[in-house]
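Colleague: Below: one structure in structure tokens.
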Amino acid sequence: MNQERLNEIEKTLLHLVERDVVPALGCTEPISLALAAATAAKYLGKTPERIEAIEAKVSPNLMKNGLGVAVPGTGMVGLPIAAAIGALGGNPEGELEVLKHITPEQVSQAKAMLDNKLVNVDIHQTDHILYSEAVLFADNDRVKVAIQDQHTNIILIEKNGEVVFEKEHDECADCDPYDIFKQVSAREIFEFSCEVELDKIRFIGQAAALNRALSDEGLRENYGLHIGRTLRKQVGSGLMSDDLLSKIMIETTAASDARMGGATLPAMSNSGSGNQGIAATMPVVVVADYLNVSEEKRLRALFLSHLMAIYIHSKLPKLSALCAVTTASMGSCAGIAYLLTGKFETVSMGICSMIGDISGIICDGASNSCAMKVSTSVASGYKSVLMAMDETHVTGNEGIVEHDLDRTIDNLCSIASKSMHHIDRQVIEIMVSKPCP
């Protein structure tokens, strides 16, 4: 990439990674509702004890991702507890870490609200895939807060029918920063990651620190399905090999176990998802440790992984029927390929093979089973890099894969954006109609 081209895109790409790779405590969909409730409580101006009721509405996709996932620090799953604890103990300035400082007393108060049936969460039919709304009542006051399109994007605050804040529509609202990806290819993303000034991407090292801590926690305790701990035990029993593939699967999946199982540690997210951030981070960290690479190589591999994951995800709906852990793992496939060969050709062959391998994994809501999809996806990524190093990959003669990486990515994302809408609706129908256990 020539210097003029590098300067042209550098500011936008760095901004996107800094914006889309941020700490998040808990699954980001229920956290979005918790943030709406916490903000409503702030404007209500009452002590938590005086909050009488909470009425919440969320988009179908947000409902899908909030039904079965643990809310950190509460020991419970679901959107009602997220709304309640957000209102009673959330920090409205905390964004995706809104629940970072909740107390056991506040959790008890939130559970009491649920027991007394003072919290109600319904589906709101909207054209916006990501939407959460919380309405809090106390005495004769009523505050409504709505979040839309991004997990922390508050668009409306209303008190007693009067608008306190409404996000204005301006020209900048129509300027999509992801438009840069219409001008930039996967090869240019690889070259940019290799050439950008190192000091400008040092911030990406925090992703390794946060997600490794979450992985260590997942290996310490039985969270969720405790897949990471189970696989590690089977290494000890001899039923699994103590090799690099096993290490990638165990350490990455353990972080997802902890996150989905309610651990009170933040994940470094990617594109609004902690699991995507984990999948884009931990395989690269494990391979970098194994190879004992330099700090520069580690940081560039991490940055490439996260930027490639953002690049692919930008072509998808914010929430869809395609499991986005698969596309985030394509990012870590790129990072691993960079660590092992330093060649874009390895990246291209690896991602094409992944699209030929795991493109059919659906998202059926955030839950403990997400860690299974993480395990499958990162294993596919490593396998695909090894194939590429042996000059073999899924070729453009097969399925939705083409001879060009960018066209292959576009094919996958086109399926997710169009025909998989029908799958998404059916998944949501199945989930909301299941009888309570």
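Each chain in the structure tokens gets a letter, A, B and so on, in the order shown; residues start at 1 in every chain, and ligands are counted from 1 in the order they appear.
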I'd like a table as a Markdown table: residues in stretch 7-57 of chain A with an atom no more than 9 Å from stretch 200-211 of chain A, each row giving the shortest atom pair and its distance in Å to one decimal, only C-alpha atoms counted, sorted by chain and rising residue number.

Modeller:
| residue | atom | partner | partner_atom | distance |
| --- | --- | --- | --- | --- |
| A:Leu14 | CA | A:Ile201 | CA | 7.8 |
| A:Val17 | CA | A:Ile204 | CA | 8.6 |
| A:Glu18 | CA | A:Phe203 | CA | 8.1 |
| A:Val21 | CA | A:Ala207 | CA | 7.8 |
| A:Val22 | CA | A:Ala207 | CA | 8.3 |
| A:Pro23 | CA | A:Leu210 | CA | 8.0 |

Colleague: Per residue of stretch 310-428 of chain A within 12 Å of stretch 77-96 of chain A, what are the shortest atom pair and its distance in Å to one decimal, counting only C-alpha atoms, with rows by chain and residue number, as a Markdown table?

Modeller:
| residue | atom | partner | partner_atom | distance |
| --- | --- | --- | --- | --- |
| A:Gly365 | CA | A:Gly78 | CA | 11.2 |
| A:Ala366 | CA | A:Gly78 | CA | 10.0 |
| A:Ser367 | CA | A:Val77 | CA | 9.0 |
| A:Asn368 | CA | A:Val77 | CA | 10.5 |

Colleague: Taking C-alpha atoms for each residue, export the selection above as a CSV table (one decimal), in the first residue's frame.

Modeller:
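As a result, part-v2.csv now contains:
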chain,number,residue,atom,x,y,z
A,365,GLY,CA,-29.9,-16.2,20.8
A,366,ALA,CA,-27.3,-15.4,23.3
A,367,SER,CA,-26.8,-18.3,25.8
A,368,ASN,CA,-24.3,-20.6,27.3

Colleague: Can you tell me, as JSON, numbers by chain, what residues are no more than 12 Å from A:Ser273 when counting only C-alpha atoms, ignoring any on the same chain fewer than 4 positions away?

Modeller: {"A": [20, 21, 22, 23, 24, 25, 26, 27, 28, 29, 30, 31, 32, 65, 96, 150, 151, 256, 259, 260, 266, 267, 268, 269, 277, 278, 279, 280, 306, 309, 310, 313, 318, 319, 323, 324, 325, 327, 328, 366, 370]}

Colleague: Output as a Markdown table one row per residue of stretch 270-310 of chain A within 10 Å of stretch 332-338 of chain A: the closest atom pair and its distance in Å to one decimal place, counting only C-alpha atoms, sorted by chain and residue number ascending.

Modeller:
| residue | atom | partner | partner_atom | distance |
| --- | --- | --- | --- | --- |
| A:Gly277 | CA | A:Ser332 | CA | 9.8 |
| A:Ile278 | CA | A:Ser332 | CA | 9.6 |
| A:Ala279 | CA | A:Ser332 | CA | 6.8 |
| A:Ala280 | CA | A:Ser332 | CA | 4.7 |
| A:Thr281 | CA | A:Ser332 | CA | 6.6 |
| A:Met282 | CA | A:Ser332 | CA | 8.1 |
| A:Pro283 | CA | A:Ser332 | CA | 6.2 |
| A:Val284 | CA | A:Ile336 | CA | 5.6 |
| A:Val285 | CA | A:Ile336 | CA | 9.0 |
| A:Val286 | CA | A:Ile336 | CA | 9.4 |
| A:Val287 | CA | A:Ile336 | CA | 6.8 |
| A:Ala288 | CA | A:Ile336 | CA | 8.1 |
| A:Lys297 | CA | A:Tyr338 | CA | 8.6 |
| A:Arg298 | CA | A:Gly335 | CA | 8.9 |
| A:Leu299 | CA | A:Gly335 | CA | 9.7 |
| A:Arg300 | CA | A:Gly335 | CA | 8.0 |
| A:Ala301 | CA | A:Gly335 | CA | 4.5 |
| A:Leu302 | CA | A:Gly335 | CA | 6.2 |
| A:Phe303 | CA | A:Gly335 | CA | 8.0 |
| A:Leu304 | CA | A:Gly335 | CA | 5.8 |
| A:Ser305 | CA | A:Ser332 | CA | 4.7 |
| A:His306 | CA | A:Ser332 | CA | 7.5 |
| A:Leu307 | CA | A:Ser332 | CA | 9.8 |
| A:Met308 | CA | A:Ala334 | CA | 7.4 |
| A:Ala309 | CA | A:Ser332 | CA | 7.8 |

Colleague: For the selection just defined, write its residues with N, CA, C and O atoms to a file, as a JSON list (two decimals), in the first residue's frame.

Modeller:
[["chain", "number", "residue", "atom", "x", "y", "z"],
["A", 277, "GLY", "N", -15.49, -10.36, 20.29],
["A", 277, "GLY", "CA", -14.19, -9.88, 20.75],
["A", 277, "GLY", "C", -13.30, -10.99, 21.25],
["A", 277, "GLY", "O", -12.09, -11.02, 20.98],
["A", 278, "ILE", "N", -13.88, -11.94, 21.97],
["A", 278, "ILE", "CA", -13.13, -13.10, 22.47],
["A", 278, "ILE", "C", -12.60, -13.93, 21.30],
["A", 278, "ILE", "O", -11.43, -14.33, 21.27],
["A", 279, "ALA", "N", -13.47, -14.19, 20.32],
["A", 279, "ALA", "CA", -13.07, -15.02, 19.18],
["A", 279, "ALA", "C", -12.01, -14.34, 18.32],
["A", 279, "ALA", "O", -11.19, -15.01, 17.68],
["A", 280, "ALA", "N", -12.02, -13.01, 18.29],
["A", 280, "ALA", "CA", -11.01, -12.28, 17.53],
["A", 280, "ALA", "C", -9.70, -12.12, 18.29],
["A", 280, "ALA", "O", -8.68, -11.81, 17.68],
["A", 281, "THR", "N", -9.73, -12.35, 19.59],
["A", 281, "THR", "CA", -8.55, -12.10, 20.43],
["A", 281, "THR", "C", -7.81, -13.36, 20.83],
["A", 281, "THR", "O", -6.60, -13.51, 20.57],
["A", 282, "MET", "N", -8.50, -14.29, 21.50],
["A", 282, "MET", "CA", -7.81, -15.36, 22.20],
["A", 282, "MET", "C", -7.03, -16.32, 21.29],
["A", 282, "MET", "O", -5.92, -16.73, 21.65],
["A", 283, "PRO", "N", -7.54, -16.72, 20.11],
["A", 283, "PRO", "CA", -6.71, -17.59, 19.27],
["A", 283, "PRO", "C", -5.38, -16.94, 18.90],
["A", 283, "PRO", "O", -4.34, -17.62, 18.86],
["A", 284, "VAL", "N", -5.41, -15.64, 18.63],
["A", 284, "VAL", "CA", -4.18, -14.91, 18.28],
["A", 284, "VAL", "C", -3.24, -14.88, 19.47],
["A", 284, "VAL", "O", -2.02, -15.10, 19.34],
["A", 285, "VAL", "N", -3.78, -14.63, 20.66],
["A", 285, "VAL", "CA", -2.96, -14.58, 21.88],
["A", 285, "VAL", "C", -2.30, -15.93, 22.13],
["A", 285, "VAL", "O", -1.10, -16.01, 22.44],
["A", 286, "VAL", "N", -3.07, -17.00, 21.99],
["A", 286, "VAL", "CA", -2.53, -18.35, 22.25],
["A", 286, "VAL", "C", -1.40, -18.69, 21.27],
["A", 286, "VAL", "O", -0.34, -19.20, 21.67],
["A", 287, "VAL", "N", -1.62, -18.39, 20.00],
["A", 287, "VAL", "CA", -0.58, -18.70, 19.00],
["A", 287, "VAL", "C", 0.63, -17.80, 19.19],
["A", 287, "VAL", "O", 1.78, -18.26, 19.08],
["A", 288, "ALA", "N", 0.41, -16.54, 19.51],
["A", 288, "ALA", "CA", 1.54, -15.62, 19.74],
["A", 288, "ALA", "C", 2.37, -16.09, 20.92],
["A", 288, "ALA", "O", 3.62, -16.03, 20.89],
["A", 297, "LYS", "N", 4.89, -7.89, 16.65],
["A", 297, "LYS", "CA", 4.17, -8.88, 15.85],
["A", 297, "LYS", "C", 2.85, -9.27, 16.52],
["A", 297, "LYS", "O", 1.83, -9.46, 15.85],
["A", 298, "ARG", "N", 2.87, -9.38, 17.84],
["A", 298, "ARG", "CA", 1.65, -9.71, 18.59],
["A", 298, "ARG", "C", 0.60, -8.62, 18.39],
["A", 298, "ARG", "O", -0.57, -8.90, 18.10],
["A", 299, "LEU", "N", 1.00, -7.35, 18.53],
["A", 299, "LEU", "CA", 0.05, -6.25, 18.41],
["A", 299, "LEU", "C", -0.50, -6.14, 16.99],
["A", 299, "LEU", "O", -1.69, -5.90, 16.79],
["A", 300, "ARG", "N", 0.36, -6.33, 16.01],
["A", 300, "ARG", "CA", -0.11, -6.24, 14.62],
["A", 300, "ARG", "C", -1.07, -7.38, 14.30],
["A", 300, "ARG", "O", -2.07, -7.20, 13.59],
["A", 301, "ALA", "N", -0.81, -8.56, 14.82],
["A", 301, "ALA", "CA", -1.70, -9.70, 14.59],
["A", 301, "ALA", "C", -3.06, -9.45, 15.24],
["A", 301, "ALA", "O", -4.11, -9.75, 14.64],
["A", 302, "LEU", "N", -3.06, -8.92, 16.45],
["A", 302, "LEU", "CA", -4.31, -8.61, 17.14],
["A", 302, "LEU", "C", -5.09, -7.52, 16.40],
["A", 302, "LEU", "O", -6.31, -7.61, 16.24],
["A", 303, "PHE", "N", -4.38, -6.50, 15.97],
["A", 303, "PHE", "CA", -5.04, -5.41, 15.26],
["A", 303, "PHE", "C", -5.63, -5.91, 13.94],
["A", 303, "PHE", "O", -6.78, -5.60, 13.61],
["A", 304, "LEU", "N", -4.86, -6.69, 13.20],
["A", 304, "LEU", "CA", -5.37, -7.27, 11.96],
["A", 304, "LEU", "C", -6.61, -8.11, 12.21],
["A", 304, "LEU", "O", -7.61, -8.02, 11.48],
["A", 305, "SER", "N", -6.58, -8.93, 13.25],
["A", 305, "SER", "CA", -7.71, -9.79, 13.57],
["A", 305, "SER", "C", -8.97, -8.97, 13.83],
["A", 305, "SER", "O", -10.03, -9.23, 13.27],
["A", 306, "HIS", "N", -8.85, -7.96, 14.69],
["A", 306, "HIS", "CA", -10.02, -7.15, 15.04],
["A", 306, "HIS", "C", -10.51, -6.32, 13.86],
["A", 306, "HIS", "O", -11.72, -6.19, 13.64],
["A", 307, "LEU", "N", -9.59, -5.75, 13.08],
["A", 307, "LEU", "CA", -10.00, -4.95, 11.93],
["A", 307, "LEU", "C", -10.64, -5.82, 10.86],
["A", 307, "LEU", "O", -11.66, -5.43, 10.25],
["A", 308, "MET", "N", -10.11, -7.01, 10.61],
["A", 308, "MET", "CA", -10.71, -7.91, 9.63],
["A", 308, "MET", "C", -12.10, -8.34, 10.09],
["A", 308, "MET", "O", -13.04, -8.44, 9.28],
["A", 309, "ALA", "N", -12.25, -8.60, 11.38],
["A", 309, "ALA", "CA", -13.57, -8.97, 11.92],
["A", 309, "ALA", "C", -14.58, -7.84, 11.73],
["A", 309, "ALA", "O", -15.74, -8.08, 11.37]]

Colleague: In Å to one decimal, how far is atom CA of A:Ala38 from atom CA of A:Lys144?

Modeller: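 Straight-line distance from atom CA of A:Lys144 to atom CA of A:Ala38 works out to 10.8 Å.
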
Colleague: Which residues in stretch 150-273 of chain A does DSSP call strand (DSSP E or B)? List them as a PyMOL selection string.

Modeller: chain A and resi 154-159+162-166+267-268+270+273

Colleague: Leaving out A:Leu130 and any residue of its chain fewer than 6 positions from it, which residues lie within 12 Å of it when counting only C-alpha atoms, given as a PyMOL selection string?

Modeller: chain A and resi 28-30+32-33+57-66+123-124+146-154+272+317-320

Colleague: A:Asp364, A:Glu4, A:Asp424, A:Glu345: which is nearest A:Glu391, counting only C-alpha atoms?

Modeller: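 Ranked by minimum distance to A:Glu391, first place goes to A:Glu345.
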
Colleague: Name all residues at most 7 Å from A:Met354 (count only C-alpha atoms; drop same-chain ones fewer than 4 positions away) and give them as a list in words.

Modeller: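 Final neighbour list, sorted by chain and number: Gly350, Ile358, Ser380, Gly381 and Ser384 of chain A.
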
Colleague: Output N, CA, C and O atoms for every residue in that selection, as a compact mmCIF listing (two decimals), in the first residue's frame.

Modeller:
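What landed in result.txt:
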# COMPACT_ATOMS: atom_id res chain seq x y z
N GLY A 350 -7.21 -19.14 3.98
CA GLY A 350 -7.78 -19.56 5.25
C GLY A 350 -9.22 -19.11 5.42
O GLY A 350 -10.10 -19.91 5.78
N ILE A 358 -18.00 -23.30 7.77
CA ILE A 358 -18.92 -23.00 8.88
C ILE A 358 -19.94 -21.92 8.57
O ILE A 358 -20.54 -21.34 9.49
N SER A 380 -12.07 -24.18 13.36
CA SER A 380 -12.10 -24.08 11.91
C SER A 380 -11.05 -23.10 11.41
O SER A 380 -10.39 -23.34 10.39
N GLY A 381 -10.88 -21.99 12.13
CA GLY A 381 -9.89 -21.00 11.73
C GLY A 381 -8.48 -21.55 11.72
O GLY A 381 -7.72 -21.35 10.75
N SER A 384 -8.01 -24.13 8.98
CA SER A 384 -7.95 -23.51 7.66
C SER A 384 -6.59 -22.88 7.39
O SER A 384 -6.11 -22.90 6.25

Colleague: Between atom CA of A:Ala37 and atom CA of A:Gln426, what distance in Å does the model show, to one decimal?

Modeller: 28.9 Å

Colleague: Give me the stretch 373-433 of chain A side of the contact with stretch 237-251 of chain A, cut-off 12 Å, one line per residue showing its nearest atom pair and distance in Å at one decimal, counting only C-alpha atoms, sorted by chain and residue number, as CSV.

Modeller:
residue,atom,partner,partner_atom,distance
A:Lys373,CA,A:Met249,CA,10.7
A:Val374,CA,A:Met249,CA,8.2
A:Ser375,CA,A:Met249,CA,5.4
A:Thr376,CA,A:Met249,CA,8.1
A:Ser377,CA,A:Met249,CA,9.1
A:Val378,CA,A:Met249,CA,6.6
A:Ala379,CA,A:Met249,CA,6.3
A:Ser380,CA,A:Leu245,CA,9.8
A:Gly381,CA,A:Leu245,CA,9.9
A:Tyr382,CA,A:Leu245,CA,7.0
A:Lys383,CA,A:Leu245,CA,8.2
A:Ser384,CA,A:Leu245,CA,11.6
A:Val385,CA,A:Leu245,CA,11.4
A:Leu386,CA,A:Leu245,CA,10.5

Colleague: Go ahead and save the residues from that selection, with N, CA and C atoms, as a PDB file, in the first residue's frame.

Modeller:
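Produced file part.pdb, reproduced below:
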ATOM      1  N   LYS A 373     -20.309 -22.632  19.856  1.00  0.00           N
ATOM      2  CA  LYS A 373     -20.072 -22.044  18.535  1.00  0.00           C
ATOM      3  C   LYS A 373     -18.698 -21.385  18.481  1.00  0.00           C
ATOM      4  N   VAL A 374     -18.272 -20.790  19.587  1.00  0.00           N
ATOM      5  CA  VAL A 374     -16.917 -20.229  19.661  1.00  0.00           C
ATOM      6  C   VAL A 374     -15.886 -21.327  19.443  1.00  0.00           C
ATOM      7  N   SER A 375     -16.059 -22.439  20.127  1.00  0.00           N
ATOM      8  CA  SER A 375     -15.125 -23.564  20.013  1.00  0.00           C
ATOM      9  C   SER A 375     -15.045 -24.067  18.575  1.00  0.00           C
ATOM     10  N   THR A 376     -16.201 -24.266  17.962  1.00  0.00           N
ATOM     11  CA  THR A 376     -16.243 -24.756  16.582  1.00  0.00           C
ATOM     12  C   THR A 376     -15.580 -23.779  15.618  1.00  0.00           C
ATOM     13  N   SER A 377     -15.862 -22.496  15.787  1.00  0.00           N
ATOM     14  CA  SER A 377     -15.390 -21.483  14.846  1.00  0.00           C
ATOM     15  C   SER A 377     -13.881 -21.290  14.918  1.00  0.00           C
ATOM     16  N   VAL A 378     -13.328 -21.213  16.140  1.00  0.00           N
ATOM     17  CA  VAL A 378     -11.880 -20.982  16.238  1.00  0.00           C
ATOM     18  C   VAL A 378     -11.103 -22.224  15.802  1.00  0.00           C
ATOM     19  N   ALA A 379     -11.684 -23.415  16.002  1.00  0.00           N
ATOM     20  CA  ALA A 379     -11.037 -24.638  15.514  1.00  0.00           C
ATOM     21  C   ALA A 379     -10.991 -24.629  13.987  1.00  0.00           C
ATOM     22  N   SER A 380     -12.075 -24.183  13.363  1.00  0.00           N
ATOM     23  CA  SER A 380     -12.101 -24.076  11.907  1.00  0.00           C
ATOM     24  C   SER A 380     -11.048 -23.099  11.415  1.00  0.00           C
ATOM     25  N   GLY A 381     -10.877 -21.992  12.132  1.00  0.00           N
ATOM     26  CA  GLY A 381      -9.893 -21.000  11.728  1.00  0.00           C
ATOM     27  C   GLY A 381      -8.482 -21.549  11.716  1.00  0.00           C
ATOM     28  N   TYR A 382      -8.107 -22.247  12.778  1.00  0.00           N
ATOM     29  CA  TYR A 382      -6.751 -22.800  12.860  1.00  0.00           C
ATOM     30  C   TYR A 382      -6.547 -23.889  11.818  1.00  0.00           C
ATOM     31  N   LYS A 383      -7.546 -24.759  11.660  1.00  0.00           N
ATOM     32  CA  LYS A 383      -7.484 -25.818  10.652  1.00  0.00           C
ATOM     33  C   LYS A 383      -7.306 -25.224   9.258  1.00  0.00           C
ATOM     34  N   SER A 384      -8.012 -24.129   8.982  1.00  0.00           N
ATOM     35  CA  SER A 384      -7.954 -23.512   7.663  1.00  0.00           C
ATOM     36  C   SER A 384      -6.594 -22.884   7.386  1.00  0.00           C
ATOM     37  N   VAL A 385      -5.954 -22.328   8.425  1.00  0.00           N
ATOM     38  CA  VAL A 385      -4.601 -21.785   8.253  1.00  0.00           C
ATOM     39  C   VAL A 385      -3.616 -22.915   7.946  1.00  0.00           C
ATOM     40  N   LEU A 386      -3.725 -24.021   8.664  1.00  0.00           N
ATOM     41  CA  LEU A 386      -2.829 -25.149   8.407  1.00  0.00           C
ATOM     42  C   LEU A 386      -2.996 -25.664   6.979  1.00  0.00           C
TER      43      LEU A 386
END

Colleague: Counting only C-alpha atoms, which residue out of A:Thr341, A:Arg50, A:Met113, A:Arg407 sits closest to A:Asp390?

Modeller: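 Residue with the minimum atom-to-atom distance to A:Asp390: A:Thr341.
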
Colleague: Have a look at atom CA of A:Glu429 and atom CA of A:Ser271 and let me know their distance in Å, one decimal.

Modeller: 25.6 Å

Colleague: Need to verify the contact set: stretch 392-397 of chain A, 6 Å, only C-alpha atoms, exclusion of same-chain residues closer than 5 positions in sequence. Can you return it as a tab-separated table (two decimals) with all heavy atoms, in the first residue's frame?

Modeller:
chain	number	residue	atom	x	y	z
A	349	MET	N	-6.65	-17.71	1.64
A	349	MET	CA	-7.04	-19.12	1.55
A	349	MET	C	-7.72	-19.59	2.83
A	349	MET	O	-8.70	-20.35	2.78
A	349	MET	CB	-5.81	-19.97	1.25
A	349	MET	CG	-5.28	-19.83	-0.17
A	349	MET	SD	-4.02	-21.07	-0.60
A	349	MET	CE	-2.61	-20.45	0.33
A	353	SER	N	-11.61	-20.96	3.13
A	353	SER	CA	-11.90	-22.30	3.64
A	353	SER	C	-12.90	-22.26	4.78
A	353	SER	O	-13.80	-23.12	4.88
A	353	SER	CB	-10.61	-23.00	4.08
A	353	SER	OG	-9.81	-23.34	2.97
A	387	MET	N	-4.24	-25.72	6.51
A	387	MET	CA	-4.46	-26.12	5.12
A	387	MET	C	-3.80	-25.15	4.16
A	387	MET	O	-3.14	-25.56	3.19
A	387	MET	CB	-5.97	-26.19	4.84
A	387	MET	CG	-6.70	-27.33	5.52
A	387	MET	SD	-8.50	-27.15	5.39
A	387	MET	CE	-8.73	-27.12	3.61
A	402	GLU	N	-15.58	-17.99	-3.93
A	402	GLU	CA	-15.11	-17.56	-5.24
A	402	GLU	C	-13.58	-17.53	-5.24
A	402	GLU	O	-12.94	-17.77	-4.21
A	402	GLU	CB	-15.70	-16.21	-5.60
A	402	GLU	CG	-17.22	-16.23	-5.70
A	402	GLU	CD	-17.77	-15.15	-6.61
A	402	GLU	OE1	-17.05	-14.71	-7.54
A	402	GLU	OE2	-18.94	-14.76	-6.39
A	403	HIS	N	-13.00	-17.20	-6.38
A	403	HIS	CA	-11.55	-17.16	-6.48
A	403	HIS	C	-10.98	-15.89	-5.83
A	403	HIS	O	-9.78	-15.78	-5.65
A	403	HIS	CB	-11.11	-17.23	-7.94
A	403	HIS	CG	-11.47	-18.54	-8.59
A	403	HIS	ND1	-10.87	-19.74	-8.25
A	403	HIS	CD2	-12.41	-18.84	-9.54
A	403	HIS	CE1	-11.40	-20.72	-8.98
A	403	HIS	NE2	-12.33	-20.20	-9.76

Colleague: Could you pull the residues within 10 Å of A:Glu49, counting only C-alpha atoms, minus those fewer than 4 positions along the same chain, as an MDAnalysis selection string?

Modeller: chainID A and resid 88 106 109 138

Colleague: Once you have the residues from the selection above, write them out as a PDB file, in the first residue's frame, restricted to N, CA and C atoms.

Modeller:
ATOM      1  N   LEU A  88     -32.003  -0.083  39.352  1.00  0.00           N
ATOM      2  CA  LEU A  88     -31.711   0.034  40.782  1.00  0.00           C
ATOM      3  C   LEU A  88     -30.235   0.233  41.094  1.00  0.00           C
ATOM      4  N   GLN A 106     -28.616  -4.326  46.018  1.00  0.00           N
ATOM      5  CA  GLN A 106     -29.372  -3.910  44.825  1.00  0.00           C
ATOM      6  C   GLN A 106     -29.894  -5.115  44.059  1.00  0.00           C
ATOM      7  N   GLN A 109     -32.962  -6.292  45.794  1.00  0.00           N
ATOM      8  CA  GLN A 109     -34.094  -5.412  45.495  1.00  0.00           C
ATOM      9  C   GLN A 109     -34.646  -5.691  44.092  1.00  0.00           C
ATOM     10  N   ALA A 138     -42.505   6.161  39.210  1.00  0.00           N
ATOM     11  CA  ALA A 138     -42.334   6.399  40.643  1.00  0.00           C
ATOM     12  C   ALA A 138     -43.228   7.571  41.044  1.00  0.00           C
TER      13      ALA A 138
END

Colleague: From the options A:Gly228, A:Gly218, A:Lys182, A:Pro177, which residue's atoms come nearest to A:Arg19, counting only C-alpha atoms?

Modeller: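 Comparing A:Gly228, A:Gly218, A:Lys182, A:Pro177 against A:Arg19, the winner is A:Pro177.
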
Colleague: In stretch 169-213 of chain A, what's helix (DSSP H, G or I) per DSSP? Answer as number ranges by chain?

Modeller: A: 171-174, 177-182, 186-195, 198-213
